[in-house]
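Chemist: Could you have a look at this structure, given as C-alpha cells, before my questions?
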Amino acid sequence: MRLLVTGGAGYIGSHTIRQLIAAGHEVVVLDNFTAGHREALPEGVTAEEADLLDAARVGEIVTRHEPDAVIHFAALIEVGDSMRDPRRFYRNNVVGSMNLMDALLDAKQKRGKAVPVVFSSTAAVYGEPDHVPIPEDAAKRPTSVYGETKLATEKLLDAYDAAYGFPHMNLRYFNVCGAIEGGQIGEAHPNKTHLIELALLTALGQRPSMKIFGTDYPTPDGTCIRDYIHVVDLADAHVLAVQALQDGAPTTRYNVGLGHGFSVKEVLDAVDRVVGTPLKREIEGRRPGDPAVLVADSARIKADLGWTPRFTNLDHIIETAWAWHRGHPHGYAAD
Ligand code: UFG
C-alpha cells in the first residue's frame with residue numbers, strides 16, 4: 001500500500017513508518033517539522049514539508065501521491081499549552097484535520113474509492129474515568145483542551161463517515177514511552193513533560209531532581225497510576241489497523257494500552273534500577289488536570305486485530321528509552 005503519514009517525523013510517527021516499511025508499504029511523510037525531526041526519518045523515505053493548515057498544499061500532496069490510506073499523527077500534544085492557548089490547539093488539531101479529511105473526500109470523488117484513515121487519538125478523551133480499566137464506550141469528559149480537540153476530531157471523522165463514507169479507526173493511546181531497540185530514534189519533544197523522559201534526562205544530569213506531582217491521590221502509594229505502552233507496540237497497532245481498513249474492516253475506535261498500571265513512584269523506582277543510581281526526588285503539589293488512574297481495557301483491539309504487546313516489563317521498556325537518551329543526550333540536535 002502507499003501510505004501518507006502526517007506527523008511521520010515525530011516520536012510515534014517515526015517509529016511507525018519504520019514498521020510500515022518493514023511490512024512492505026510505501027510511505028510518504030507529511031510534516032511541518034516544527035516538532036518532527038528530519039533525522040528521525042529513515043533514509044530514502046519521501047518527505048513533504050507542509051502544514052495541514054495550508055489546505056491547498058494538502059490537497060495538492062494528496063492528488064500527487066494518491067495514497068491508499070492515511071495515518072494521521074500530526075497534532076499539538078502538550079496538555080498545559082492547550083489550556084494556555086486553546087485557539088492554537090483547535091486550529092492546528094481540528095481545522096488541520098478537517099483540511100486533511102476534505103482533501104481525502106475530494107480524492108474519493110475523483111477516484112471513486114474511499115481513502116481510509118487511522119487517527120491518532122488519546123486516552124485524554126476520557127478525562128477522569130468512572131471505572132478502570134477503561135473500555136472504549138466509557139464516558140468522554142476530557143479535562144483538557146488537548147483532549148477536547150482530539151475528541152472533536154473523532155466526532156468529525158465519525159460524522160464524515162456517516163454522511164460520506166469515510167472508513168477510519170481512532171486509536172486512543174495511553175502513556176506512550178520507550179524507543180526502538182538499539183536506540184537510534186526516540187522521544188525528543190520541544191516541550192518536555194513526560195515522566196520517563198524527564199526522569200532519564202535527570203539521570204543524565206540535565207535536571208537537578210525529579211518532581212513527583214501529588215502524593216495524596218486515592219492510589220496505594222498516593223501517586224498517579226498510568227498505563228505505559230511501548231512505542232513499538234503502538235506502532236504495531238497502526239500497521240494492523242491500516243491493513244484491516246484496507247481489507248474492509250468497519251470504522252471503529254480502539255484503546256491501545258497494556259491494561260496494567262504503574263504509579264509515578266513505581267516508574268521512578270524502575271528508572272533508578274535501570275540507570276543504576278537513585279534519582280533525587282522532590283514532592284510537589286498535584287498537577288492540574290491529572291486524573292488519579294488511567295488504565296486501558298484493550299480487549300477489543302486484541303480480539304479484532306490480534307494485537308499483542310511485546311513490551312510488558314517496565315524495566316525493559318525504560319531500558320529502551322535509556323539507550324536512546326544515553327546515545328542522544330540532547331535529542332537530535334547533536335546528531
Ligand atoms: N509526573 C510527575 N512528575 C513529572 C512528570 C509527570 O509526577 O515530572 C506525573 C504526572 O503528574 C502524571 C504521570 O507522571 O501523574 C504521567 O505524566 P505524563 O506527563 O508523563 O503523562 P500524562 O499521563 O499526563 O499524559 C500522557 C500524554 C497525554 C495522554 C495521556 C493518556 O501526554 O497526551 O498520557 O494517558 F493523553
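Identifiers for the C-alpha cells are assigned positionally: chains receive A, B, ... in sequence, residues are indexed from 1 per chain, and ligands are indexed from 1 in the order shown.
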Considering only C-alpha atoms, return as a VMD selection string whatever protein or nucleic-acid residues lie within 9 Å of Val45 of chain A, sequence-local ones (same chain, fewer than 4 positions apart) excluded.
Modeler: chain A and resid 26 to 29 41
Chemist: Got a sec to check which residues lie within 6 Å of ligand 1, using only C-alpha atoms and all ligand atoms, and send them as a PDB file with N, CA and C atoms, in the first residue's frame?
Modeler:
ATOM      1  N   ILE A  77       0.440  18.464  21.102  1.00  0.00           N
ATOM      2  CA  ILE A  77       0.130  17.435  22.101  1.00  0.00           C
ATOM      3  C   ILE A  77       0.295  17.872  23.545  1.00  0.00           C
ATOM      4  N   THR A 122      -6.391   9.723  21.813  1.00  0.00           N
ATOM      5  CA  THR A 122      -5.723   9.696  23.119  1.00  0.00           C
ATOM      6  C   THR A 122      -6.665   9.275  24.239  1.00  0.00           C
ATOM      7  N   ALA A 123      -6.087   8.728  25.285  1.00  0.00           N
ATOM      8  CA  ALA A 123      -6.846   8.422  26.495  1.00  0.00           C
ATOM      9  C   ALA A 123      -7.367   9.704  27.138  1.00  0.00           C
ATOM     10  N   ALA A 124      -6.805  10.839  26.755  1.00  0.00           N
ATOM     11  CA  ALA A 124      -7.267  12.116  27.310  1.00  0.00           C
ATOM     12  C   ALA A 124      -8.717  12.408  26.922  1.00  0.00           C
ATOM     13  N   PHE A 174      -2.610   5.373  25.377  1.00  0.00           N
ATOM     14  CA  PHE A 174      -2.371   5.697  26.778  1.00  0.00           C
ATOM     15  C   PHE A 174      -0.954   6.310  26.880  1.00  0.00           C
ATOM     16  N   ASN A 175      -0.155   5.994  27.870  1.00  0.00           N
ATOM     17  CA  ASN A 175       1.106   6.739  28.031  1.00  0.00           C
ATOM     18  C   ASN A 175       2.227   6.100  27.217  1.00  0.00           C
ATOM     19  N   THR A 193       7.497  17.110  29.089  1.00  0.00           N
ATOM     20  CA  THR A 193       6.620  16.997  30.259  1.00  0.00           C
ATOM     21  C   THR A 193       6.452  15.548  30.684  1.00  0.00           C
ATOM     22  N   HIS A 194       6.856  14.590  29.850  1.00  0.00           N
ATOM     23  CA  HIS A 194       6.561  13.187  30.134  1.00  0.00           C
ATOM     24  C   HIS A 194       7.486  12.616  31.198  1.00  0.00           C
ATOM     25  N   LEU A 195       6.883  11.835  32.084  1.00  0.00           N
ATOM     26  CA  LEU A 195       7.563  11.338  33.282  1.00  0.00           C
ATOM     27  C   LEU A 195       8.869  10.606  32.963  1.00  0.00           C
ATOM     28  N   MET A 210      13.834  14.987  40.271  1.00  0.00           N
ATOM     29  CA  MET A 210      12.529  14.618  39.708  1.00  0.00           C
ATOM     30  C   MET A 210      11.440  15.089  40.649  1.00  0.00           C
ATOM     31  N   LYS A 211      10.491  15.788  40.086  1.00  0.00           N
ATOM     32  CA  LYS A 211       9.361  16.243  40.893  1.00  0.00           C
ATOM     33  C   LYS A 211       8.254  15.213  40.803  1.00  0.00           C
ATOM     34  N   ILE A 212       7.670  14.889  41.955  1.00  0.00           N
ATOM     35  CA  ILE A 212       6.511  13.990  41.972  1.00  0.00           C
ATOM     36  C   ILE A 212       5.286  14.868  42.195  1.00  0.00           C
ATOM     37  N   PHE A 213       4.404  14.890  41.188  1.00  0.00           N
ATOM     38  CA  PHE A 213       3.240  15.782  41.265  1.00  0.00           C
ATOM     39  C   PHE A 213       2.089  15.110  42.015  1.00  0.00           C
ATOM     40  N   CYS A 224      -0.097   9.072  41.056  1.00  0.00           N
ATOM     41  CA  CYS A 224      -0.975   8.720  39.924  1.00  0.00           C
ATOM     42  C   CYS A 224      -0.520   7.433  39.239  1.00  0.00           C
ATOM     43  N   VAL A 264       3.526   6.641  39.719  1.00  0.00           N
ATOM     44  CA  VAL A 264       4.696   7.501  39.469  1.00  0.00           C
ATOM     45  C   VAL A 264       5.885   6.977  40.273  1.00  0.00           C
ATOM     46  N   ARG A 287      -0.516  18.214  39.817  1.00  0.00           N
ATOM     47  CA  ARG A 287      -0.512  18.971  38.566  1.00  0.00           C
ATOM     48  C   ARG A 287      -1.964  19.079  38.098  1.00  0.00           C
ATOM     49  N   ASP A 290      -4.660  16.273  36.183  1.00  0.00           N
ATOM     50  CA  ASP A 290      -4.201  14.878  36.185  1.00  0.00           C
ATOM     51  C   ASP A 290      -5.238  13.955  36.824  1.00  0.00           C
ATOM     52  N   LEU A 294      -5.358   6.020  35.113  1.00  0.00           N
ATOM     53  CA  LEU A 294      -5.764   5.784  33.717  1.00  0.00           C
ATOM     54  C   LEU A 294      -5.162   4.458  33.277  1.00  0.00           C
TER      55      LEU A 294
END
Chemist: Could you check which of A:Ala55, A:Ala203, A:Ile225, A:Ala188 is closest to Tyr11 of chain A, using only C-alpha atoms?
Modeler: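 Using only C-alpha atoms, Tyr11 of chain A sits closest to A:Ala188.
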Chemist: Nearest to Gly24 of chain A: which of A:Val239, A:Thr202, A:Ser121, A:Thr320 is it, counting only C-alpha atoms?
Modeler: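 Closest residue, counting only C-alpha atoms: A:Val239.
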Chemist: Provide the atom CA of Leu157 of chain A to atom CA of Arg253 of chain A distance in Å, to one decimal place.
Modeler: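 That distance, rounded to one decimal, is 11.1 Å.
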Chemist: At what distance in Å, to one decimal, does atom CA of Thr219 of chain A lie from atom CA of Leu314 of chain A?
Modeler: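 Between these atoms lies a distance of 18.8 Å.
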Chemist: Which residue, A:Leu234, A:Ala139, A:Ile12, A:Val95, has the smallest gap to Thr153 of chain A when you use only C-alpha atoms?
Modeler: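 Using only C-alpha atoms, the shortest distance to Thr153 of chain A belongs to A:Val95.
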Chemist: What does the distance between atom CA of Lys192 of chain A and atom CA of Gly80 of chain A come to in Å, to one decimal place?
Modeler: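 Between these atoms lies a distance of 11.0 Å.
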Chemist: Leaving out Arg172 of chain A and any residue of its chain fewer than 6 positions from it, which residues lie within 10 Å of it when counting only C-alpha atoms, given as a PyMOL selection string?
Modeler: chain A and resi 119-126+136+150+253-257+296+298
